[in-house]
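Everything below concerns the one structure shown next.
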Amino acid sequence: LGSTKVAARARLGAEGSFLSQLCSSSILRSQFMSKRTLCVCTGASRGFGAALVREYARRSVAACRNTDFVLVARQLAGLKETAASVTSILQQEGGKGLETRDPVLVTANLVEMAEVRRVCSFLDDNVHWGEYEHVLYFCNAGMLGASHSRALGAQDGAMVQDAVSLNVSTGIQLASYFVHKHHEAKVPKTTLLNVSSLAAIKEFPSWGVYCACKAARLMFYKAIAEEEKDSGIRVLSYSPGPLDTDMQREIRESKSIDEDMQRTFCTMHADGALVSPDVSARAGIELVEQDEFTNGEQIDYYDVAGGGRK
């Protein structure tokens, strides 16, 4: 999408527009009018974001829970694929009386703060917040960016800025938005799921920027949990483990990452030891559904895999 602005895409209403042709703002307004759950996920076009959304759709069907989805990412084609999977899951057991609705797709380059603000404005204008008994925000969008470079070496200032913008600023701004809407609309319960990383609490060579970004975001979400401990806002940072995704492939193919780290990940990939996004998503959503975590804590996939966490 580059520097194309969200507002312009919204007016054009063409392929690649702010909303996909699966829906329109008028449909969104008319459909979101009964007590339901709202799930908003960034980075939902592929990888772990798509897996989280699919798993929450499955849990919604199992719980006979009407859930509306707003999926945000840069690429419309990937969003359409995720939406098709979600719609298929929601319609599997329509006989249970679920009101199945097409997910709403929002294309935006969340590196740009102007587009983040326009996403918030879109939600303000088109979602009837008072009709939701539970709102979930999956803060999943992220990038490695300049994270492949050692501190002593050539750092691309623009890449560092983009990495901080997406991994930190966007996560902070959207989390703050959902906290605000929780109070403004008197939403009974809001859950913020921060997709975190072991890199948020442990240093890794050549990942200095990524570690710093993840640590900053983790601490911000911890602060929210402390500030909102009596307000009905639940905050969980979930580290999904070394996932078998495009981001992992990028790490293995990088020419600037620490050689020992790269060798470890290549071995894990060759041995089939990387974690499936769907498997990790099941563990993460199970934590959200059980809702027994300490507010603001970080939980790693390996803490819960195989029943390790009680």
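The chains in the structure tokens are called A, B, ... from first to last as shown; in each chain the residues are counted from 1, and the ligands are counted from 1 in the order shown.
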
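For stretch 186-249 of chain A, a DSSP pass over the backbone yields strand (DSSP E) at Lys189, Thr190, Thr191, Leu192, Leu193, Asn194, Val195, Ile233, Arg234, Val235, Leu236, Ser237, Tyr238 and Ser239 of chain A.
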
I'd like the neighbourhood of A:Asp303 as a short mmCIF file (atom, residue, chain, number, x, y, z; two decimals) with N, CA, C and O atoms, in the first residue's frame, where a residue qualifies if any of its atoms comes within 12 Å (using only C-alpha atoms), though same-chain residues fewer than 6 positions away should be ignored.
```cif
data_model
loop_
_atom_site.label_atom_id
_atom_site.label_comp_id
_atom_site.auth_asym_id
_atom_site.auth_seq_id
_atom_site.Cartn_x
_atom_site.Cartn_y
_atom_site.Cartn_z
N LEU A 198 9.52 -14.33 23.33
CA LEU A 198 10.59 -14.54 24.30
C LEU A 198 11.57 -13.37 24.24
O LEU A 198 12.22 -13.03 25.24
N TYR A 238 0.98 -13.02 25.21
CA TYR A 238 1.19 -14.43 24.89
C TYR A 238 2.35 -14.57 23.91
O TYR A 238 2.35 -13.98 22.82
N SER A 239 3.35 -15.33 24.31
CA SER A 239 4.49 -15.62 23.44
C SER A 239 4.23 -16.95 22.74
O SER A 239 4.20 -17.99 23.40
N PRO A 240 4.01 -16.93 21.42
CA PRO A 240 3.53 -18.14 20.74
C PRO A 240 4.58 -19.18 20.41
O PRO A 240 4.27 -20.23 19.84
N GLY A 241 5.84 -18.92 20.77
CA GLY A 241 6.88 -19.89 20.45
C GLY A 241 7.47 -19.65 19.07
O GLY A 241 7.03 -18.77 18.33
N SER A 280 -0.31 -23.32 18.24
CA SER A 280 -0.05 -22.27 19.22
C SER A 280 -1.28 -21.40 19.44
O SER A 280 -1.55 -20.96 20.57
N ALA A 283 -3.59 -22.91 21.94
CA ALA A 283 -3.13 -22.72 23.31
C ALA A 283 -3.40 -21.29 23.78
O ALA A 283 -3.83 -21.07 24.92
N GLY A 284 -3.15 -20.31 22.91
CA GLY A 284 -3.37 -18.92 23.29
C GLY A 284 -4.83 -18.60 23.52
O GLY A 284 -5.19 -17.93 24.50
N LEU A 287 -6.16 -19.93 26.77
CA LEU A 287 -5.86 -19.05 27.90
C LEU A 287 -6.89 -17.92 27.99
O LEU A 287 -7.35 -17.57 29.09
N ARG A 309 1.10 -25.91 32.27
CA ARG A 309 0.63 -24.85 33.17
C ARG A 309 -0.65 -25.27 33.83
O ARG A 309 -1.58 -25.73 33.19
N LYS A 310 -0.73 -25.09 35.12
CA LYS A 310 -1.95 -25.45 35.87
C LYS A 310 -2.75 -24.20 36.17
O LYS A 310 -2.22 -23.14 36.37
#
```

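Proximity of A:Arg234, A:Asp244, A:Asp124, A:Ser169 to A:Glu184, computed with only C-alpha atoms, is greatest for A:Asp124.
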
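Atom CA of A:Asn140 is positioned 16.5 Å from atom CA of A:Ala212.
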
Report as a PDB file with C-alpha atoms, in the first residue's frame all protein, DNA and RNA residues lying within 10 Å of A:Ala50, evaluated on only C-alpha atoms, omitting residues in the same chain fewer than 3 positions from it.
```
ATOM      1  CA  CYS A  41      -7.223  -8.538  14.942  1.00  0.00           C
ATOM      2  CA  THR A  42      -4.283  -6.794  13.286  1.00  0.00           C
ATOM      3  CA  GLY A  43      -1.928  -8.686  11.003  1.00  0.00           C
ATOM      4  CA  ALA A  44      -4.836 -10.996  10.193  1.00  0.00           C
ATOM      5  CA  SER A  45      -3.990 -11.765   6.568  1.00  0.00           C
ATOM      6  CA  ARG A  46      -1.622 -14.669   7.237  1.00  0.00           C
ATOM      7  CA  GLY A  47       0.467 -16.550   9.788  1.00  0.00           C
ATOM      8  CA  VAL A  53      -8.922 -15.579  14.207  1.00  0.00           C
ATOM      9  CA  ARG A  54      -9.763 -19.045  12.894  1.00  0.00           C
ATOM     10  CA  GLU A  55      -9.394 -20.550  16.363  1.00  0.00           C
ATOM     11  CA  LEU A  71      -9.671  -8.068  10.353  1.00  0.00           C
ATOM     12  CA  GLY A  78      -4.735 -12.449   2.366  1.00  0.00           C
ATOM     13  CA  LEU A  79      -7.569 -10.883   4.363  1.00  0.00           C
ATOM     14  CA  GLU A  81      -8.563 -15.838   2.483  1.00  0.00           C
ATOM     15  CA  THR A  82      -8.783 -15.473   6.253  1.00  0.00           C
ATOM     16  CA  ALA A  83     -12.339 -14.178   5.992  1.00  0.00           C
ATOM     17  CA  SER A  85     -11.997 -19.551   6.419  1.00  0.00           C
ATOM     18  CA  VAL A  86     -13.750 -17.748   9.269  1.00  0.00           C
ATOM     19  CA  ASN A 140      -0.577  -9.201  16.378  1.00  0.00           C
ATOM     20  CA  PRO A 277       0.576 -21.417  14.116  1.00  0.00           C
ATOM     21  CA  ASP A 278      -2.710 -23.300  14.503  1.00  0.00           C
ATOM     22  CA  ALA A 281      -3.246 -20.337  18.496  1.00  0.00           C
TER      23      ALA A 281
END
```

Requested in this report: Could you jot down the atom CA of A:Ser196 to atom CA of A:Arg59 separation for me, Å, one decimal place?
Outcome: 21.9 Å

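Among A:Gly272, A:Asp260, A:Thr170, A:Gly296, the residue with the shortest atom-to-atom distance to A:Glu228, counting only C-alpha atoms, is A:Gly296.
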
Report summary line: Counting only C-alpha atoms, closest pick from A:Val104, A:Val168, A:Leu193, A:Val279 relative to A:Cys211 is A:Val168

Query raised in the report: Rounded to one decimal in Å, what is the spacing between atom CA of A:Tyr137 and atom CA of A:Pro103?
Result: 14.6 Å

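The shortest atom-to-atom distance to A:Ala175, with only C-alpha atoms taken into account, belongs to A:Cys139 out of A:Val127, A:Cys139, A:Leu144, A:Ala199.
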
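Proximity ranking of A:Thr37, A:Gln161, A:Gln298, A:Ser88 relative to A:Lys222 places A:Gln298 first, based on only C-alpha atoms.
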
Query raised in the report: A:Gln91, A:Leu174, A:Ala77, A:Thr67: which is nearest A:Leu110, counting only C-alpha atoms?
Result: A:Leu174

Applying 12 Å and only C-alpha atoms, which residues near A:Ser231 remain after dropping the ones on its own chain fewer than 5 positions away? List them as a PDB file with N, CA and C atoms, in the first residue's frame.
```
ATOM      1  N   VAL A 179      -9.078   0.691  25.270  1.00  0.00           N
ATOM      2  CA  VAL A 179      -9.326   1.047  26.673  1.00  0.00           C
ATOM      3  C   VAL A 179     -10.318   2.209  26.741  1.00  0.00           C
ATOM      4  N   HIS A 180     -10.111   3.199  25.883  1.00  0.00           N
ATOM      5  CA  HIS A 180     -11.014   4.347  25.837  1.00  0.00           C
ATOM      6  C   HIS A 180     -12.436   3.910  25.491  1.00  0.00           C
ATOM      7  N   HIS A 182     -13.774   1.027  25.897  1.00  0.00           N
ATOM      8  CA  HIS A 182     -14.299   0.229  27.007  1.00  0.00           C
ATOM      9  C   HIS A 182     -15.039   1.119  27.999  1.00  0.00           C
ATOM     10  N   HIS A 183     -14.433   2.249  28.324  1.00  0.00           N
ATOM     11  CA  HIS A 183     -15.048   3.159  29.292  1.00  0.00           C
ATOM     12  C   HIS A 183     -16.159   3.996  28.659  1.00  0.00           C
ATOM     13  N   LYS A 186     -19.046   1.762  27.951  1.00  0.00           N
ATOM     14  CA  LYS A 186     -19.390   0.913  29.101  1.00  0.00           C
ATOM     15  C   LYS A 186     -19.481  -0.560  28.688  1.00  0.00           C
ATOM     16  N   VAL A 187     -18.453  -1.012  27.950  1.00  0.00           N
ATOM     17  CA  VAL A 187     -18.370  -2.420  27.556  1.00  0.00           C
ATOM     18  C   VAL A 187     -18.108  -3.244  28.819  1.00  0.00           C
ATOM     19  N   PRO A 188     -18.911  -4.277  29.087  1.00  0.00           N
ATOM     20  CA  PRO A 188     -18.711  -5.055  30.318  1.00  0.00           C
ATOM     21  C   PRO A 188     -17.328  -5.668  30.444  1.00  0.00           C
ATOM     22  N   LYS A 189     -16.781  -6.147  29.315  1.00  0.00           N
ATOM     23  CA  LYS A 189     -15.479  -6.813  29.376  1.00  0.00           C
ATOM     24  C   LYS A 189     -14.697  -6.554  28.100  1.00  0.00           C
ATOM     25  N   THR A 190     -13.428  -6.205  28.256  1.00  0.00           N
ATOM     26  CA  THR A 190     -12.521  -6.036  27.126  1.00  0.00           C
ATOM     27  C   THR A 190     -11.267  -6.865  27.399  1.00  0.00           C
ATOM     28  N   THR A 191     -10.830  -7.612  26.392  1.00  0.00           N
ATOM     29  CA  THR A 191      -9.616  -8.413  26.504  1.00  0.00           C
ATOM     30  C   THR A 191      -8.594  -7.931  25.495  1.00  0.00           C
ATOM     31  N   ILE A 224      -1.116  -1.047  31.524  1.00  0.00           N
ATOM     32  CA  ILE A 224      -2.572  -1.026  31.349  1.00  0.00           C
ATOM     33  C   ILE A 224      -3.243  -1.930  32.374  1.00  0.00           C
ATOM     34  N   ALA A 225      -2.704  -3.136  32.545  1.00  0.00           N
ATOM     35  CA  ALA A 225      -3.294  -4.084  33.491  1.00  0.00           C
ATOM     36  C   ALA A 225      -3.328  -3.508  34.901  1.00  0.00           C
ATOM     37  N   GLU A 226      -2.273  -2.800  35.266  1.00  0.00           N
ATOM     38  CA  GLU A 226      -2.226  -2.194  36.603  1.00  0.00           C
ATOM     39  C   GLU A 226      -3.213  -1.037  36.712  1.00  0.00           C
ATOM     40  N   ASN A 295      -3.625 -10.828  35.555  1.00  0.00           N
ATOM     41  CA  ASN A 295      -3.769  -9.715  34.628  1.00  0.00           C
ATOM     42  C   ASN A 295      -2.426  -9.065  34.337  1.00  0.00           C
TER      43      ASN A 295
END
```

Please return, as a PDB file with C-alpha atoms, in the first residue's frame, all residues of stretch 128-253 of chain A that DSSP assigns to helix (DSSP H, G or I) on the basis of the backbone.
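And here's out.pdb as it stands now:
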```
ATOM      1  CA  TRP A 129     -20.012  -0.252  20.658  1.00  0.00           C
ATOM      2  CA  GLY A 130     -22.796  -0.322  23.214  1.00  0.00           C
ATOM      3  CA  GLU A 131     -24.177  -3.529  21.751  1.00  0.00           C
ATOM      4  CA  GLY A 145      12.609  -4.782  10.239  1.00  0.00           C
ATOM      5  CA  ALA A 146      16.130  -3.765  11.232  1.00  0.00           C
ATOM      6  CA  SER A 147      16.207  -6.514  13.814  1.00  0.00           C
ATOM      7  CA  HIS A 148      18.665  -8.575  11.766  1.00  0.00           C
ATOM      8  CA  GLY A 157      17.478   4.426  10.316  1.00  0.00           C
ATOM      9  CA  ALA A 158      14.293   4.192   8.256  1.00  0.00           C
ATOM     10  CA  MET A 159      13.925   0.480   9.000  1.00  0.00           C
ATOM     11  CA  VAL A 160      14.490   1.086  12.710  1.00  0.00           C
ATOM     12  CA  GLN A 161      11.829   3.775  12.672  1.00  0.00           C
ATOM     13  CA  ASP A 162       9.359   1.515  10.843  1.00  0.00           C
ATOM     14  CA  ALA A 163      10.022  -1.342  13.277  1.00  0.00           C
ATOM     15  CA  VAL A 164       9.431   0.893  16.298  1.00  0.00           C
ATOM     16  CA  SER A 165       6.364   2.424  14.685  1.00  0.00           C
ATOM     17  CA  LEU A 166       4.651  -0.887  13.955  1.00  0.00           C
ATOM     18  CA  ASN A 167       5.881  -2.973  16.885  1.00  0.00           C
ATOM     19  CA  VAL A 168       5.509  -0.313  19.567  1.00  0.00           C
ATOM     20  CA  SER A 169       3.606   2.825  18.573  1.00  0.00           C
ATOM     21  CA  THR A 170       0.778   1.065  16.757  1.00  0.00           C
ATOM     22  CA  GLY A 171       0.318  -1.447  19.566  1.00  0.00           C
ATOM     23  CA  ILE A 172       0.216   1.368  22.121  1.00  0.00           C
ATOM     24  CA  GLN A 173      -2.163   3.556  20.143  1.00  0.00           C
ATOM     25  CA  LEU A 174      -4.662   0.795  19.390  1.00  0.00           C
ATOM     26  CA  ALA A 175      -4.574  -0.595  22.929  1.00  0.00           C
ATOM     27  CA  SER A 176      -5.250   2.907  24.255  1.00  0.00           C
ATOM     28  CA  TYR A 177      -8.129   3.212  21.806  1.00  0.00           C
ATOM     29  CA  PHE A 178      -9.779   0.019  23.043  1.00  0.00           C
ATOM     30  CA  VAL A 179      -9.326   1.047  26.673  1.00  0.00           C
ATOM     31  CA  HIS A 180     -11.014   4.347  25.837  1.00  0.00           C
ATOM     32  CA  LYS A 181     -13.914   2.624  24.067  1.00  0.00           C
ATOM     33  CA  HIS A 182     -14.299   0.229  27.007  1.00  0.00           C
ATOM     34  CA  HIS A 183     -15.048   3.159  29.292  1.00  0.00           C
ATOM     35  CA  GLU A 184     -16.887   5.364  26.816  1.00  0.00           C
ATOM     36  CA  LEU A 198      10.585 -14.539  24.304  1.00  0.00           C
ATOM     37  CA  ALA A 199      12.540 -11.597  22.899  1.00  0.00           C
ATOM     38  CA  ALA A 200      10.512  -9.321  25.187  1.00  0.00           C
ATOM     39  CA  GLY A 208      18.491  -5.695  19.508  1.00  0.00           C
ATOM     40  CA  VAL A 209      15.780  -3.590  17.861  1.00  0.00           C
ATOM     41  CA  TYR A 210      13.217  -6.385  17.923  1.00  0.00           C
ATOM     42  CA  CYS A 211      13.963  -7.203  21.571  1.00  0.00           C
ATOM     43  CA  ALA A 212      13.671  -3.546  22.527  1.00  0.00           C
ATOM     44  CA  CYS A 213      10.352  -3.187  20.707  1.00  0.00           C
ATOM     45  CA  LYS A 214       8.830  -6.311  22.227  1.00  0.00           C
ATOM     46  CA  ALA A 215      10.012  -5.342  25.710  1.00  0.00           C
ATOM     47  CA  ALA A 216       8.537  -1.861  25.368  1.00  0.00           C
ATOM     48  CA  ARG A 217       5.176  -3.191  24.228  1.00  0.00           C
ATOM     49  CA  LEU A 218       5.089  -5.795  26.987  1.00  0.00           C
ATOM     50  CA  MET A 219       5.708  -3.161  29.653  1.00  0.00           C
ATOM     51  CA  PHE A 220       3.010  -0.893  28.249  1.00  0.00           C
ATOM     52  CA  TYR A 221       0.454  -3.695  28.401  1.00  0.00           C
ATOM     53  CA  LYS A 222       1.544  -4.471  31.966  1.00  0.00           C
ATOM     54  CA  ALA A 223       0.929  -0.827  32.840  1.00  0.00           C
ATOM     55  CA  ILE A 224      -2.572  -1.026  31.349  1.00  0.00           C
ATOM     56  CA  ALA A 225      -3.294  -4.084  33.491  1.00  0.00           C
ATOM     57  CA  GLU A 226      -2.226  -2.194  36.603  1.00  0.00           C
ATOM     58  CA  GLU A 227      -4.163   0.938  35.700  1.00  0.00           C
ATOM     59  CA  ASP A 246       7.024 -16.486   6.729  1.00  0.00           C
ATOM     60  CA  MET A 247       8.742 -14.441   9.430  1.00  0.00           C
ATOM     61  CA  GLN A 248      10.643 -17.551  10.541  1.00  0.00           C
ATOM     62  CA  ARG A 249      11.669 -18.254   6.962  1.00  0.00           C
ATOM     63  CA  GLU A 250      12.956 -14.688   6.721  1.00  0.00           C
ATOM     64  CA  ILE A 251      15.098 -15.295   9.807  1.00  0.00           C
ATOM     65  CA  ARG A 252      16.556 -18.509   8.407  1.00  0.00           C
ATOM     66  CA  GLU A 253      17.400 -16.860   5.092  1.00  0.00           C
TER      67      GLU A 253
END
```
